$ cat run-v2.pdb   # PDB, C-alpha atoms
ATOM      1  CA  TRP C  76      24.618  -0.766 -22.677
ATOM      2  CA  PRO C  77      22.160  -1.214 -21.029
ATOM      3  CA  HIS C  78      22.185   2.442 -19.922
ATOM      4  CA  LEU C  79      22.170   3.750 -23.491
ATOM      5  CA  GLY C  80      19.273   1.479 -24.351
ATOM      6  CA  ASN C  81      17.357   2.634 -21.296
ATOM      7  CA  ALA C  82      18.061   6.261 -22.175
ATOM      8  CA  MET C  83      16.860   5.589 -25.709
ATOM      9  CA  LYS C  84      13.543   4.409 -24.281
ATOM     10  CA  TYR C  85      12.916   7.811 -22.691
ATOM     11  CA  VAL C  86      14.311   9.763 -25.655
ATOM     12  CA  THR C  87      11.920   8.142 -28.120
ATOM     13  CA  ALA C  88       8.912   8.594 -25.826
ATOM     14  CA  GLN C  89       9.689  12.231 -25.018
ATOM     15  CA  THR C  90      10.506  13.134 -28.619
ATOM     16  CA  VAL C  91       7.223  11.782 -29.979
ATOM     17  CA  GLY C  92       5.194  13.097 -27.049
ATOM     18  CA  LEU C  93       6.619  16.637 -27.121
ATOM     19  CA  TYR C  94       6.316  16.870 -30.896
ATOM     20  CA  GLY C  95       2.662  15.896 -30.694
ATOM     21  CA  LEU C  96       2.111  18.396 -27.870
ATOM     22  CA  TYR C  97       3.494  21.379 -29.783
ATOM     23  CA  HIS C  98       2.173  20.227 -33.175
ATOM     24  CA  PRO C  99      -1.438  19.107 -32.572
ATOM     25  CA  ASP C 100      -2.058  18.692 -36.305
ATOM     26  CA  ALA C 101       0.635  16.004 -36.441
ATOM     27  CA  ARG C 102      -1.565  13.630 -34.447
ATOM     28  CA  GLN C 103      -3.372  12.744 -37.652
ATOM     29  CA  ASN C 104      -0.096  12.123 -39.475
ATOM     30  CA  PRO C 105       0.598   8.402 -40.075
ATOM     31  CA  LEU C 106       4.325   9.016 -39.578
ATOM     32  CA  TRP C 107       3.729  10.463 -36.089
ATOM     33  CA  ILE C 108       1.405   7.562 -35.207
ATOM     34  CA  PHE C 109       4.055   5.094 -36.385
ATOM     35  CA  GLY C 110       6.639   6.835 -34.200
ATOM     36  CA  PHE C 111       4.359   6.625 -31.167
ATOM     37  CA  VAL C 112       3.644   2.936 -31.812
ATOM     38  CA  PHE C 113       7.372   2.269 -32.190
ATOM     39  CA  ALA C 114       8.171   4.097 -28.945
ATOM     40  CA  THR C 115       5.429   2.207 -27.083
ATOM     41  CA  MET C 116       6.565  -1.187 -28.376
ATOM     42  CA  TYR C 117      10.163  -0.296 -27.525
ATOM     43  CA  GLN C 118       9.125   0.453 -23.943
ATOM     44  CA  PHE C 119       7.126  -2.777 -23.689
ATOM     45  CA  THR C 120      10.014  -4.832 -25.089
ATOM     46  CA  TRP C 121      12.384  -3.188 -22.613
ATOM     47  CA  ASP C 122      10.017  -4.105 -19.779
ATOM     48  CA  ILE C 123       9.942  -7.749 -20.797
ATOM     49  CA  PHE C 124      13.621  -8.317 -21.537
ATOM     50  CA  MET C 125      15.427  -5.812 -19.301
ATOM     51  CA  ASP C 126      13.428  -4.248 -16.464
ATOM     52  CA  TRP C 127      11.701  -7.520 -15.576
ATOM     53  CA  ASP C 128      14.190  -9.958 -17.148
ATOM     54  CA  MET C 129      11.110 -12.133 -17.596
ATOM     55  CA  VAL C 130      11.860 -13.472 -21.073
ATOM     56  CA  ARG C 131      15.255 -14.711 -22.206
ATOM     57  CA  ILE C 132      16.640 -15.817 -25.555
ATOM     58  CA  LYS C 133      19.005 -18.751 -25.213
ATOM     59  CA  GLY C 134      20.193 -20.956 -28.037
ATOM     60  CA  GLY C 135      17.695 -19.378 -30.412
ATOM     61  CA  THR C 136      14.816 -20.269 -28.078
ATOM     62  CA  VAL C 137      12.625 -17.712 -26.346
ATOM     63  CA  LYS C 138      11.583 -18.839 -22.884
ATOM     64  CA  MET C 139      10.585 -17.485 -19.506
ATOM     65  CA  ARG C 140      13.135 -17.028 -16.741
ATOM     66  CA  GLU C 141      13.550 -20.201 -14.650
ATOM     67  CA  THR C 142      13.659 -18.508 -11.239
ATOM     68  CA  LEU C 143      10.223 -17.140 -10.412
ATOM     69  CA  LEU C 144       9.335 -15.853  -6.957
ATOM     70  CA  TYR C 145       5.638 -15.857  -7.745
ATOM     71  CA  LYS C 146       4.210 -19.346  -8.010
ATOM     72  CA  SER C 147       2.192 -19.234 -11.229
ATOM     73  CA  PRO C 148       3.678 -18.267 -14.629
ATOM     74  CA  THR C 149       0.166 -17.120 -15.558
ATOM     75  CA  PHE C 150       0.641 -14.229 -13.124
ATOM     76  CA  TYR C 151       3.565 -12.925 -15.203
ATOM     77  CA  ILE C 152       1.729 -13.393 -18.494
ATOM     78  CA  CYS C 153      -1.326 -11.534 -17.221
ATOM     79  CA  ILE C 154       0.754  -8.590 -15.982
ATOM     80  CA  ALA C 155       2.640  -8.468 -19.295
ATOM     81  CA  CYS C 156      -0.625  -8.410 -21.293
ATOM     82  CA  ILE C 157      -2.204  -5.762 -19.050
ATOM     83  CA  ASN C 158       0.994  -3.714 -19.247
ATOM     84  CA  LEU C 159       0.862  -3.816 -23.045
ATOM     85  CA  VAL C 160      -2.812  -2.776 -23.158
ATOM     86  CA  LEU C 161      -2.336   0.075 -20.682
ATOM     87  CA  ARG C 162       0.753   1.314 -22.505
ATOM     88  CA  PHE C 163      -1.399   1.730 -25.612
ATOM     89  CA  PHE C 164      -4.028   3.740 -23.739
ATOM     90  CA  TRP C 165      -2.436   6.823 -25.289
ATOM     91  CA  THR C 166      -4.429   5.988 -28.445
ATOM     92  CA  LEU C 167      -7.521   7.334 -26.663
ATOM     93  CA  THR C 168      -6.022  10.810 -27.009
ATOM     94  CA  LEU C 169      -6.536  10.483 -30.776
ATOM     95  CA  LEU C 170     -10.314  10.501 -30.372
ATOM     96  CA  PRO C 171     -11.624  13.625 -32.127
ATOM     97  CA  GLU C 172     -13.542  16.319 -30.292
ATOM     98  CA  GLY C 173     -16.401  18.480 -31.492
ATOM     99  CA  GLY C 174     -19.055  15.862 -32.223
ATOM    100  CA  ALA C 175     -22.775  16.415 -32.168
ATOM    101  CA  GLU C 176     -23.238  14.977 -28.679
ATOM    102  CA  ALA C 177     -22.461  17.073 -25.598
ATOM    103  CA  TRP C 178     -19.989  14.557 -24.195
ATOM    104  CA  GLN C 179     -17.973  14.727 -27.423
ATOM    105  CA  GLN C 180     -17.255  18.420 -26.979
ATOM    106  CA  ASN C 181     -14.792  17.856 -24.122
ATOM    107  CA  ILE C 182     -14.040  14.168 -24.381
ATOM    108  CA  GLN C 183     -10.323  14.625 -23.692
ATOM    109  CA  VAL C 184     -11.103  16.371 -20.396
ATOM    110  CA  ARG C 185     -13.248  13.406 -19.390
ATOM    111  CA  LEU C 186     -10.574  10.913 -20.440
ATOM    112  CA  SER C 187      -7.735  12.590 -18.523
ATOM    113  CA  PRO C 188      -8.516  11.107 -15.061
ATOM    114  CA  ILE C 189      -9.121   7.686 -16.636
ATOM    115  CA  LEU C 190      -5.744   7.746 -18.377
ATOM    116  CA  ALA C 191      -4.006   8.981 -15.221
ATOM    117  CA  GLY C 192      -5.591   6.248 -13.090
ATOM    118  CA  ALA C 193      -4.720   3.573 -15.657
ATOM    119  CA  GLU C 194      -1.086   4.733 -15.665
ATOM    120  CA  ILE C 195      -0.935   4.541 -11.860
ATOM    121  CA  CYS C 196      -2.268   0.965 -11.958
ATOM    122  CA  ARG C 197       0.193   0.027 -14.698
ATOM    123  CA  ARG C 198       3.164   1.402 -12.783
ATOM    124  CA  CYS C 199       2.108  -0.447  -9.623
ATOM    125  CA  MET C 200       1.964  -3.759 -11.476
ATOM    126  CA  TRP C 201       5.228  -2.924 -13.249
ATOM    127  CA  GLY C 202       6.805  -2.324  -9.837
ATOM    128  CA  PHE C 203       5.970  -5.814  -8.573
ATOM    129  CA  LEU C 204       8.035  -7.520 -11.272
ATOM    130  CA  ARG C 205      10.746  -4.834 -11.256
ATOM    131  CA  LEU C 206      11.228  -5.300  -7.521
ATOM    132  CA  GLU C 207      11.385  -9.065  -7.951
ATOM    133  CA  ASN C 208      14.039  -8.763 -10.655
ATOM    134  CA  GLU C 209      16.079  -6.352  -8.536
ATOM    135  CA  HIS C 210      15.895  -8.757  -5.609
ATOM    136  CA  LEU C 211      17.196 -11.592  -7.780
ATOM    137  CA  HIS C 212      20.035  -9.429  -9.058
ATOM    138  CA  VAL C 213      21.057  -8.367  -5.548
ATOM    139  CA  TYR C 214      21.226 -11.971  -4.373
ATOM    140  CA  GLY C 215      22.990 -13.157  -7.519
ATOM    141  CA  THR C 216      20.283 -15.474  -8.793
ATOM    142  CA  ALA C 217      19.166 -13.500 -11.837
ATOM    143  CA  ILE C 218      21.981 -14.660 -14.107
ATOM    144  CA  ASP C 219      22.805 -17.898 -12.310
ATOM    145  CA  GLU C 220      21.408 -20.607 -14.577
ATOM    146  CA  THR C 221      22.323 -23.341 -12.054
ATOM    147  CA  PHE C 222      20.118 -21.815  -9.355
ATOM    148  CA  ASP C 223      17.455 -24.393  -8.504
ATOM    149  CA  GLY C 224      15.006 -22.139  -6.719
ATOM    150  CA  MET C 225      14.462 -19.870  -3.775
ATOM    151  CA  GLU C 226      12.663 -20.748  -0.561
ATOM    152  CA  THR C 227      10.368 -17.766  -0.223
ATOM    153  CA  SER C 228       8.853 -19.243   2.957
ATOM    154  CA  LYS C 229      12.065 -18.366   4.833
ATOM    155  CA  MET C 230      12.012 -14.730   3.795
ATOM    156  CA  GLU C 231      11.356 -12.408   6.756
ATOM    157  CA  PRO C 232      10.380  -8.717   6.889
ATOM    158  CA  MET C 233      12.880  -6.066   7.877
ATOM    159  CA  LYS C 234      13.402  -5.755  11.634
ATOM    160  CA  MET C 235      13.380  -2.353  13.279
ATOM    161  CA  GLY C 236      14.023  -0.933  16.707
ATOM    162  CA  GLY C 237      16.989  -3.095  17.685
ATOM    163  CA  GLY C 238      19.264  -0.301  18.823
ATOM    164  CA  GLY C 239      18.616  -0.623  22.542
ATOM    165  CA  GLY C 240      20.057  -2.958  25.111
ATOM    166  CA  GLY C 241      18.754  -6.262  23.830
ATOM    167  CA  SER C 242      19.719  -9.707  25.013
ATOM    168  CA  GLY C 243      22.615  -9.823  22.590
ATOM    169  CA  GLY C 244      23.995  -6.442  23.601
ATOM    170  CA  SER C 245      26.358  -7.829  26.241
ATOM    171  CA  SER C 246      28.232 -10.157  23.913
ATOM    172  CA  GLY C 247      31.240  -7.862  24.098
ATOM    173  CA  GLU C 248      31.436  -6.885  20.434
ATOM    174  CA  ARG C 249      29.611  -3.746  19.438
ATOM    175  CA  GLU C 250      27.621  -3.736  16.229
ATOM    176  CA  GLN C 251      29.116  -1.757  13.387
ATOM    177  CA  GLU C 252      27.546   1.644  12.835
ATOM    178  CA  PRO C 253      25.552   1.640   9.578
ATOM    179  CA  ALA C 254      26.719   3.803   6.689
ATOM    180  CA  CYS C 255      25.047   7.179   6.403
ATOM    181  CA  LEU C 256      24.950  10.287   4.218
ATOM    182  CA  ASP C 257      26.121  13.281   6.249
ATOM    183  CA  LEU C 258      24.770  16.572   4.841
ATOM    184  CA  GLY C 259      25.889  18.639   7.805
ATOM    185  CA  PHE C 260      22.439  19.595   9.052
ATOM    186  CA  ILE C 261      21.076  16.038   8.770
ATOM    187  CA  ARG C 262      22.444  12.496   8.728
ATOM    188  CA  ILE C 263      20.577   9.957   6.589
ATOM    189  CA  GLN C 264      21.317   6.347   7.498
ATOM    190  CA  SER C 265      21.316   3.654   4.848
ATOM    191  CA  SER C 266      19.672   1.176   7.222
ATOM    192  CA  THR C 267      16.633   1.359   9.498
ATOM    193  CA  LYS C 268      17.883  -1.394  11.777
ATOM    194  CA  HIS C 269      18.937   1.051  14.509
ATOM    195  CA  LEU C 270      15.754   3.134  14.283
ATOM    196  CA  SER C 271      12.572   2.731  16.279
ATOM    197  CA  ASN C 272       9.188   2.367  14.603
ATOM    198  CA  GLN C 273       8.362   5.997  15.409
ATOM    199  CA  GLU C 274      11.637   7.233  13.880
ATOM    200  CA  VAL C 275      10.977   5.254  10.712
ATOM    201  CA  LEU C 276       7.459   6.683  10.538
ATOM    202  CA  ASN C 277       8.840  10.195  10.989
ATOM    203  CA  GLU C 278      11.321   9.687   8.147
ATOM    204  CA  LEU C 279       8.643   8.371   5.810
ATOM    205  CA  THR C 280       6.321  11.251   6.695
ATOM    206  CA  ALA C 281       9.055  13.816   6.057
ATOM    207  CA  LEU C 282       9.880  12.156   2.725
ATOM    208  CA  ALA C 283       6.202  12.161   1.691
ATOM    209  CA  VAL C 284       5.856  15.850   2.581
ATOM    210  CA  PHE C 285       9.029  16.673   0.613
ATOM    211  CA  VAL C 286       7.876  14.782  -2.495
ATOM    212  CA  ALA C 287       4.356  16.215  -2.314
ATOM    213  CA  GLY C 288       5.736  19.733  -1.863
ATOM    214  CA  GLY C 289       8.018  19.320  -4.838
ATOM    215  CA  GLY C 290       5.123  18.127  -6.960
ATOM    216  CA  LEU C 291       2.956  21.096  -5.993
TER     217      LEU C 291
END

$ encode --input "run-v2.pdb" --output "structure tokens"
Amino acid sequence: WPHLGNAMKYVTAQTVGLYGLYHPDARQNPLWIFGFVFATMYQFTWDIFMDWDMVRIKGGTVKMRETLLYKSPTFYICIACINLVLRFFWTLTLLPEGGAEAWQQNIQVRLSPILAGAEICRRCMWGFLRLENEHLHVYGTAIDETFDGMETSKMEPMKMGGGGGGSGGSSGEREQEPACLDLGFIRIQSSTKHLSNQEVLNELTALAVFVAGGGL
């Protein structure tokens, strides 16, 4: 735990989804619908309690996490509600085809781009709170109940292009070389501090081309 629980989230979703894909008649089965609802609620609960660490149970009381980087708690509640609604968009695939109207003949084809776009929006919103929770874990504030708050006004963006002969380069002590992954034909650095803006752009472009090529 929590890796087994996270794996269980994908196992339940894939099991129900693949069974419904190869057994179309099962989509009208109440047992299959119950399994899909259970898998969806499991994923939503995992979002709230684990991936976002937004809700905590302490002393028998359910309450929201004290440390919030976004100002309004309403922001978190809205994202949680939208996430729940969009996770249940799969129910639109249960709409029957073959009605009297022309649009009912291929309704699933028409719904496909809508469902895909809704999933992209859901994952983007999910990423905001997941990134926040990861940030709090990295800086040790996620499980620190005595943490009073974080001054987000002092947070600065990542600096790039500092590898040349800056004003601090003559201090006598050379900066430590960042860790990197050496694959023989290419060296991938774990930090962009020593890269120029153009080098960072080149890396991102190469990564985008690689991911897009793999998807195609």

$ resolve_selection --input "run-v2.pdb" --expression "the PyMOL selection byres ((chain C and resi 188-194) around 9)" --output "number ranges by chain"
C: 161-162, 164-165, 167, 184-187, 195-199

$ write_last_selection --input "run-v2.pdb" --atoms "C-alpha atoms" --output "short mmCIF file (atom, residue, chain, number, x, y, z; two decimals), in the frame of the given file"
data_model
loop_
_atom_site.label_atom_id
_atom_site.label_comp_id
_atom_site.auth_asym_id
_atom_site.auth_seq_id
_atom_site.Cartn_x
_atom_site.Cartn_y
_atom_site.Cartn_z
CA LEU C 161 -2.34 0.08 -20.68
CA ARG C 162 0.75 1.31 -22.50
CA PHE C 164 -4.03 3.74 -23.74
CA TRP C 165 -2.44 6.82 -25.29
CA LEU C 167 -7.52 7.33 -26.66
CA VAL C 184 -11.10 16.37 -20.40
CA ARG C 185 -13.25 13.41 -19.39
CA LEU C 186 -10.57 10.91 -20.44
CA SER C 187 -7.74 12.59 -18.52
CA ILE C 195 -0.94 4.54 -11.86
CA CYS C 196 -2.27 0.96 -11.96
CA ARG C 197 0.19 0.03 -14.70
CA ARG C 198 3.16 1.40 -12.78
CA CYS C 199 2.11 -0.45 -9.62
#

$ closest_residue --input "run-v2.pdb" --among "C:Trp201, C:Tyr85, C:Tyr94, C:Tyr214" --to "Cys153 (chain C)" --atoms "only C-alpha atoms"
C:Trp201

$ atom_distance --input "run-v2.pdb" --atom1 "CA of Thr90 (chain C)" --atom2 "CA of Asn104 (chain C)"
15.2 Å

$ resolve_selection --input "run-v2.pdb" --expression "the PyMOL selection byres ((chain C and resi 117-119) around 10)" --output "list in words"
Gly80, Asn81, Met83, Lys84, Tyr85, Thr87, Ala88, Phe111, Val112, Phe113, Ala114, Thr115, Met116, Thr120, Trp121, Asp122, Ile123, Phe124, Met125, Asp126, Ala155, Cys156, Asn158, Leu159, Val160, Arg162 and Phe163 of chain C

$ atom_distance --input "run-v2.pdb" --atom1 "CA of His212 (chain C)" --atom2 "CA of Pro77 (chain C)"
14.7 Å

$ closest_residue --input "run-v2.pdb" --among "C:Ile152, C:Trp107, C:Ala283, C:Asn208" --to "Asp128 (chain C)" --atoms "only C-alpha atoms"
C:Asn208

$ atom_distance --input "run-v2.pdb" --atom1 "CA of Val130 (chain C)" --atom2 "CA of Arg205 (chain C)"
13.1 Å

$ closest_residue --input "run-v2.pdb" --among "C:Trp127, C:Leu211, C:Lys146, C:Thr168" --to "Gln183 (chain C)" --atoms "only C-alpha atoms"
C:Thr168
